[in-house]
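Structure file input_29.txt (compact mmCIF, C-alpha atoms and all ligand atoms) is printed below.
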# COMPACT_ATOMS: atom_id res chain seq x y z
CA MET A 1 13.80 8.83 12.39
CA GLU A 2 13.83 5.10 11.77
CA HIS A 3 10.77 2.90 12.23
CA ASN A 4 10.78 -0.72 11.01
CA ALA A 5 13.74 0.34 8.87
CA ASP A 6 15.38 -3.10 8.70
CA PHE A 7 13.94 -4.26 5.40
CA GLY A 8 15.47 -7.70 5.95
CA ALA A 9 13.03 -8.25 8.83
CA ARG A 10 9.43 -9.42 8.61
CA VAL A 11 6.96 -6.92 10.10
CA VAL A 12 3.27 -7.43 10.93
CA ILE A 13 1.19 -4.46 12.16
CA ASP A 14 -2.51 -4.34 13.04
CA THR A 15 -3.16 -0.86 11.66
CA ARG A 16 -6.56 -0.72 13.40
CA THR A 17 -4.93 -0.58 16.85
CA ALA A 18 -1.67 1.25 15.92
CA PRO A 19 -1.55 4.79 17.40
CA TRP A 20 -2.32 7.94 15.39
CA VAL A 21 0.59 10.39 15.32
CA PRO A 22 0.04 14.11 14.53
CA SER A 23 1.50 15.46 11.26
CA PRO A 24 2.74 19.05 10.82
CA GLU A 25 -0.65 19.90 9.25
CA PRO A 26 -3.70 20.44 11.49
CA GLY A 27 -6.38 17.78 11.01
CA ILE A 28 -3.99 15.30 9.39
CA GLU A 29 -2.70 12.32 11.39
CA ARG A 30 -0.85 9.15 10.45
CA LYS A 31 0.06 5.69 11.62
CA LEU A 32 3.69 4.89 10.84
CA LEU A 33 4.31 1.47 9.28
CA ASP A 34 7.86 2.00 8.10
CA ARG A 35 9.93 5.16 7.91
CA VAL A 36 13.50 6.19 7.13
CA GLY A 37 14.19 9.93 7.41
CA GLY A 38 12.70 13.06 9.01
CA GLU A 39 9.67 15.01 7.71
CA VAL A 40 11.00 14.18 4.22
CA ALA A 41 11.12 10.40 4.52
CA ARG A 42 10.94 7.13 2.70
CA ALA A 43 7.75 6.16 4.46
CA THR A 44 4.77 3.82 4.45
CA SER A 45 1.80 5.08 6.49
CA ILE A 46 -1.92 5.11 7.01
CA VAL A 47 -2.96 8.78 6.76
CA ARG A 48 -6.22 10.31 7.98
CA TYR A 49 -7.58 13.68 6.79
CA ALA A 50 -10.24 15.20 9.06
CA PRO A 51 -13.19 16.71 7.14
CA GLY A 52 -12.15 20.06 5.66
CA SER A 53 -8.41 19.54 6.12
CA ALA A 54 -5.71 20.30 3.55
CA PHE A 55 -2.02 19.53 3.20
CA ALA A 56 0.52 22.14 2.02
CA ALA A 57 1.43 22.14 -1.67
CA HIS A 58 4.38 19.81 -2.17
CA GLU A 59 6.50 18.13 -4.82
CA HIS A 60 7.05 14.36 -4.86
CA SER A 61 10.79 14.17 -5.30
CA LEU A 62 10.87 10.36 -5.33
CA GLY A 63 7.20 9.69 -6.03
CA GLU A 64 4.02 9.09 -4.06
CA GLU A 65 1.71 6.09 -4.22
CA PHE A 66 -1.60 5.79 -2.37
CA LEU A 67 -4.82 3.82 -2.13
CA VAL A 68 -7.91 5.60 -0.80
CA LEU A 69 -9.29 3.34 1.95
CA SER A 70 -12.36 5.41 2.90
CA GLY A 71 -13.87 8.82 2.27
CA THR A 72 -12.79 11.02 -0.65
CA PHE A 73 -9.38 12.57 -1.26
CA ALA A 74 -8.97 15.49 -3.70
CA ASP A 75 -6.36 17.68 -5.35
CA GLU A 76 -6.10 19.92 -8.43
CA GLY A 77 -6.34 16.78 -10.59
CA GLY A 78 -9.72 15.65 -9.33
CA ARG A 79 -11.60 13.76 -6.63
CA TYR A 80 -10.51 10.27 -5.60
CA PRO A 81 -13.19 8.25 -3.79
CA ALA A 82 -12.53 5.12 -1.69
CA GLY A 83 -11.01 2.43 -3.88
CA THR A 84 -8.93 4.81 -6.02
CA TYR A 85 -5.27 3.85 -6.56
CA VAL A 86 -2.96 6.74 -7.47
CA ARG A 87 0.73 7.07 -8.40
CA ASN A 88 2.23 10.57 -8.60
CA PRO A 89 5.67 10.20 -10.19
CA PRO A 90 8.90 11.96 -9.20
CA GLY A 91 8.64 15.68 -9.99
CA SER A 92 4.83 15.83 -9.77
CA ARG A 93 3.24 18.42 -7.47
CA HIS A 94 -0.12 18.97 -5.81
CA ARG A 95 -2.05 20.49 -2.91
CA PRO A 96 -4.26 17.75 -1.43
CA CYS A 97 -7.39 18.21 0.64
CA SER A 98 -10.49 16.36 1.76
CA ALA A 99 -13.88 18.02 2.23
CA SER A 100 -15.55 14.94 3.72
CA GLY A 101 -12.46 13.41 5.36
CA CYS A 102 -10.63 10.30 4.19
CA GLU A 103 -8.17 7.57 5.09
CA LEU A 104 -5.30 6.57 2.78
CA PHE A 105 -2.57 3.94 2.59
CA VAL A 106 0.46 5.95 1.42
CA LYS A 107 3.97 5.03 0.25
CA LEU A 108 6.36 7.99 -0.20
CA ARG A 109 9.74 8.21 -1.98
CA GLN A 110 9.77 4.60 -3.13
CA PHE A 111 9.60 4.91 -6.93
CA HIS A 112 12.11 3.26 -9.21
CA PRO A 113 14.13 6.27 -10.51
CA GLU A 114 12.98 5.63 -14.09
CA ASP A 115 9.31 5.08 -13.23
CA ARG A 116 7.56 8.24 -14.51
CA SER A 117 4.05 6.90 -15.07
CA HIS A 118 1.09 8.76 -13.62
CA VAL A 119 -1.64 6.32 -12.55
CA ALA A 120 -5.20 6.80 -11.27
CA ILE A 121 -7.34 3.65 -11.22
CA HIS A 122 -10.88 3.44 -9.87
CA THR A 123 -10.62 -0.14 -8.62
CA HIS A 124 -14.38 -0.45 -7.97
CA GLN A 125 -15.02 0.06 -11.69
CA SER A 126 -12.13 -1.98 -13.12
CA GLY A 127 -11.98 -5.45 -14.65
CA TRP A 128 -10.61 -8.39 -12.67
CA HIS A 129 -8.66 -11.30 -14.18
CA PRO A 130 -8.56 -14.93 -13.05
CA GLY A 131 -5.56 -15.61 -10.78
CA LEU A 132 -3.10 -18.51 -10.79
CA VAL A 133 -5.35 -20.84 -8.77
CA PRO A 134 -9.16 -21.29 -8.69
CA GLY A 135 -10.80 -18.78 -6.33
CA LEU A 136 -8.20 -16.05 -6.93
CA SER A 137 -8.96 -12.88 -8.95
CA VAL A 138 -6.43 -10.18 -9.70
CA LEU A 139 -6.71 -6.49 -10.56
CA PRO A 140 -3.25 -5.37 -11.76
CA LEU A 141 -2.45 -1.80 -10.65
CA HIS A 142 1.12 -1.19 -11.76
CA ALA A 143 4.33 -2.88 -12.91
CA HIS A 144 7.79 -1.40 -13.40
CA ALA A 145 11.07 -3.33 -13.50
CA THR A 146 10.77 -5.97 -10.73
CA GLU A 147 7.91 -4.17 -8.91
CA HIS A 148 4.34 -5.42 -9.34
CA VAL A 149 1.27 -4.01 -7.55
CA ALA A 150 -2.23 -5.52 -7.60
CA LEU A 151 -5.43 -6.02 -5.67
CA VAL A 152 -6.12 -9.72 -5.16
CA ARG A 153 -9.49 -11.16 -4.14
CA TRP A 154 -9.59 -14.58 -2.46
CA ALA A 155 -12.84 -16.55 -2.54
CA PRO A 156 -13.60 -18.42 0.73
CA GLY A 157 -11.43 -21.54 1.07
CA THR A 158 -8.81 -20.49 -1.53
CA ARG A 159 -5.32 -21.94 -1.01
CA PHE A 160 -2.19 -20.86 -2.90
CA GLN A 161 1.02 -22.78 -3.45
CA ALA A 162 4.11 -22.24 -1.27
CA HIS A 163 6.30 -19.56 -2.89
CA THR A 164 9.42 -17.48 -2.32
CA HIS A 165 9.30 -13.65 -2.49
CA TRP A 166 12.06 -12.46 -4.78
CA GLY A 167 12.35 -8.78 -3.86
CA GLY A 168 9.99 -9.19 -0.91
CA GLU A 169 6.23 -8.84 -0.54
CA GLU A 170 4.06 -6.20 1.11
CA ILE A 171 0.37 -6.79 1.84
CA LEU A 172 -2.41 -4.65 3.30
CA VAL A 173 -5.52 -6.69 4.09
CA LEU A 174 -8.49 -4.58 2.96
CA ASP A 175 -11.36 -6.93 3.77
CA GLY A 176 -11.88 -10.42 5.23
CA THR A 177 -8.99 -12.45 6.71
CA PHE A 178 -5.78 -13.50 4.95
CA SER A 179 -3.69 -16.34 6.47
CA ASP A 180 -0.47 -18.27 6.11
CA GLU A 181 1.38 -20.80 8.27
CA SER A 182 2.55 -17.95 10.57
CA GLY A 183 -0.89 -16.59 11.46
CA ASP A 184 -4.23 -15.03 10.57
CA TYR A 185 -4.34 -11.42 9.37
CA PRO A 186 -7.73 -9.69 9.60
CA ALA A 187 -8.69 -6.55 7.65
CA GLY A 188 -6.33 -3.70 8.52
CA THR A 189 -3.23 -5.91 8.92
CA TRP A 190 -0.07 -4.78 7.13
CA ILE A 191 2.56 -7.48 6.46
CA ARG A 192 6.04 -6.76 5.07
CA SER A 193 7.95 -9.95 4.18
CA PRO A 194 11.62 -9.62 3.19
CA HIS A 195 13.51 -10.62 0.05
CA LEU A 196 13.67 -14.43 -0.25
CA SER A 197 11.08 -15.04 2.49
CA ARG A 198 8.68 -17.90 1.90
CA HIS A 199 5.12 -18.83 2.86
CA GLN A 200 2.00 -20.71 1.80
CA PRO A 201 -1.02 -18.38 2.03
CA PHE A 202 -4.74 -19.17 2.18
CA SER A 203 -8.03 -17.60 3.20
CA GLU A 204 -10.80 -19.54 4.90
CA PRO A 205 -13.45 -16.73 4.99
CA GLY A 206 -12.18 -14.99 1.83
CA CYS A 207 -10.40 -11.63 1.64
CA LEU A 208 -9.34 -8.66 -0.46
CA ILE A 209 -5.68 -7.62 -0.27
CA TYR A 210 -3.35 -4.97 -1.72
CA VAL A 211 -0.10 -6.71 -2.72
CA LYS A 212 3.24 -5.29 -3.86
CA VAL A 213 6.13 -7.60 -4.70
CA GLY A 214 9.67 -7.24 -6.00
CA HIS A 215 10.47 -3.84 -4.40
CA LEU A 216 12.43 -4.82 -1.27
CA ALA A 217 15.59 -6.39 -2.66
CA GLU A 218 17.67 -3.19 -2.42
CA ALA A 219 15.67 -1.16 0.12
FE FE B 1 1.39 14.25 -2.23
FE FE B 2 3.38 -14.32 -0.79
Produce structure tokens that represent the structure in this file.
Amino acid sequence: MEHNADFGARVVIDTRTAPWVPSPEPGIERKLLDRVGGEVARATSIVRYAPGSAFAAHEHSLGEEFLVLSGTFADEGGRYPAGTYVRNPPGSRHRPCSASGCELFVKLRQFHPEDRSHVAIHTHQSGWHPGLVPGLSVLPLHAHATEHVALVRWAPGTRFQAHTHWGGEEILVLDGTFSDESGDYPAGTWIRSPHLSRHQPFSEPGCLIYVKVGHLAEA
């Protein structure tokens, strides 16, 4: 199955209105953002666990990255409340579940082959750094080779310089409204901008975004 599989194309999806699609596991549904492959796929999705649901034990052959958007996710390693950012490297294994239900932003099978780091960051309890322009604060989440992942908070009225995305840029708007010259992107919008794309972003009301850059050059 291929869904938004041309990584040279810009894609914008309002994940709030995108349809839920059943998964093979009862109580677990997803919204497909991009996908290359069958049930074992290189995929980016929003995933929803109904209260009390569980997913079969599985191994992450090419890694799994997720951000808990709401509720609490759990596995043998612990409980991950909303705001937790997790990376399970290639070869890791778990049996996930959610007693209270949860919603996740998930990227499967997208690790750099040499990236073996296990990450679990409680972003609500972590320190933020000043960004490149006044009004911007950054919480770095991960970096490996050309790939960089962070949460970025924009104070109301913050404007950033025009820039080119070497290796592309992927954004999930978590709160507020993010904008550039192509449009306004309210909370829940997912934007995938290809290698060498260019824009000049800003936020009038302020926003919080998940950003990954540098990972789409070879995809
Ligand atoms: Fe997993
Ligand atoms: Fe950008």
Near ligand FE 2 (chain B), 8 Å: chain A residue rows, closest pairs, only C-alpha atoms and all ligand atoms, as a tab-separated table:
residue	atom	partner	partner_atom	distance
A:Ala162	CA	B:FE2	FE	8.0
A:His163	CA	B:FE2	FE	6.4
A:Thr164	CA	B:FE2	FE	7.0
A:His165	CA	B:FE2	FE	6.2
A:Glu169	CA	B:FE2	FE	6.2
A:Arg198	CA	B:FE2	FE	6.9
A:His199	CA	B:FE2	FE	6.1
A:Gln200	CA	B:FE2	FE	7.0
A:Pro201	CA	B:FE2	FE	6.6
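A distance search around ligand FE 1 (chain B) (7 Å at most, all atoms listed in the file) returns the following protein and nucleic acid residues: His58, Glu59, His60, Glu64, Arg93, His94 and Pro96 of chain A.
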Could you tell me how far atom CA of A:Val36 sits from atom CA of A:Pro140, in Å to one decimal place? 27.8 Å
d(atom CA of A:Gly38, atom CA of A:Phe111) in Å: 18.2 Å
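If you measure from each of A:Arg159, A:Lys107, A:His112, A:Lys212 to A:Pro134 using all atoms listed in the file, the closest one turns out to be A:Arg159.
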List as an mmCIF file with C-alpha atoms, in the coordinates of the input the protein and nucleic acid residues near stretch 1-5 of chain A, meaning an atom at most 12 Å away when only C-alpha atoms are counted, but skip any in the same chain fewer than 5 places from it.
data_model
loop_
_atom_site.group_PDB
_atom_site.id
_atom_site.type_symbol
_atom_site.label_atom_id
_atom_site.label_comp_id
_atom_site.auth_asym_id
_atom_site.auth_seq_id
_atom_site.Cartn_x
_atom_site.Cartn_y
_atom_site.Cartn_z
ATOM 1 C CA ARG A 10 9.430 -9.420 8.610
ATOM 2 C CA VAL A 11 6.960 -6.920 10.100
ATOM 3 C CA VAL A 12 3.270 -7.430 10.930
ATOM 4 C CA ILE A 13 1.190 -4.460 12.160
ATOM 5 C CA LYS A 31 0.060 5.690 11.620
ATOM 6 C CA LEU A 32 3.690 4.890 10.840
ATOM 7 C CA LEU A 33 4.310 1.470 9.280
ATOM 8 C CA ASP A 34 7.860 2.000 8.100
ATOM 9 C CA ARG A 35 9.930 5.160 7.910
ATOM 10 C CA VAL A 36 13.500 6.190 7.130
ATOM 11 C CA GLY A 37 14.190 9.930 7.410
ATOM 12 C CA GLY A 38 12.700 13.060 9.010
ATOM 13 C CA GLU A 39 9.670 15.010 7.710
ATOM 14 C CA VAL A 40 11.000 14.180 4.220
ATOM 15 C CA ALA A 41 11.120 10.400 4.520
ATOM 16 C CA ARG A 42 10.940 7.130 2.700
ATOM 17 C CA ALA A 43 7.750 6.160 4.460
ATOM 18 C CA THR A 44 4.770 3.820 4.450
ATOM 19 C CA SER A 45 1.800 5.080 6.490
ATOM 20 C CA ILE A 191 2.560 -7.480 6.460
ATOM 21 C CA ARG A 192 6.040 -6.760 5.070
ATOM 22 C CA SER A 193 7.950 -9.950 4.180
ATOM 23 C CA PRO A 194 11.620 -9.620 3.190
ATOM 24 C CA LEU A 216 12.430 -4.820 -1.270
ATOM 25 C CA ALA A 219 15.670 -1.160 0.120
#
Smallest atom-to-atom distance to A:Glu29: which of A:Ile209, A:Ala74, A:Ala56, A:Cys102, using all atoms listed in the file? A:Cys102
With a distance cut-off of 12 Å and only C-alpha atoms, select the neighbouring residues of A:Ser98, excluding the residue or stretch itself and same-chain residues fewer than 4 positions from it, and output the selection as a PyMOL selection string. chain A and resi 27-28+47-55+68+70-76+78-82+102-104
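Excluding A:Ala155 itself and same-chain residues fewer than 5 positions from it, the residues having an atom within 8 Å of it are Gly135, Leu136, Ser203, Pro205, Gly206 and Cys207 of chain A, counting all atoms listed in the file.
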Interatomic distance (Å, one decimal) between atom CA of A:Ala99 and atom CA of A:Gly127: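 Distance between the two atoms: 29.0 Å.
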If you count all atoms listed in the file, which residues fall within 10 Å of A:Pro89, apart from same-chain ones fewer than 5 positions away, as a list in words?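 Counting all atoms listed in the file, the residues come to Glu59, His60, Ser61, Leu62, Gly63, Glu64, Glu65, Arg109, Gln110, Phe111, His112, Pro113, Glu114, Asp115, Arg116, Ser117, His118 and Val119 of chain A.
For the set A:Phe160, A:Trp128, A:Tyr185, A:Trp190, the residue with the smallest atom-to-atom gap to A:Val211 is A:Trp190, counting all atoms listed in the file.
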Of the listed residues A:Leu141, A:Val149, A:Trp20, A:Asp14, that which approaches A:Asp184 most closely, counting all atoms listed in the file: A:Asp14
Could you check which of A:Gly167, A:Leu69, A:Thr17, A:Gly131 is closest to A:Ala150, using only C-alpha atoms?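 For A:Ala150, the nearest of the candidates is A:Gly131.
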Close residues, stretch 120-123 of chain A itself excluded, 8 Å, all atoms listed in the file, min 4 positions apart in chain, as a list in words: Gly83, Thr84, Tyr85, Val86, Arg87, Leu139 and Leu141 of chain A
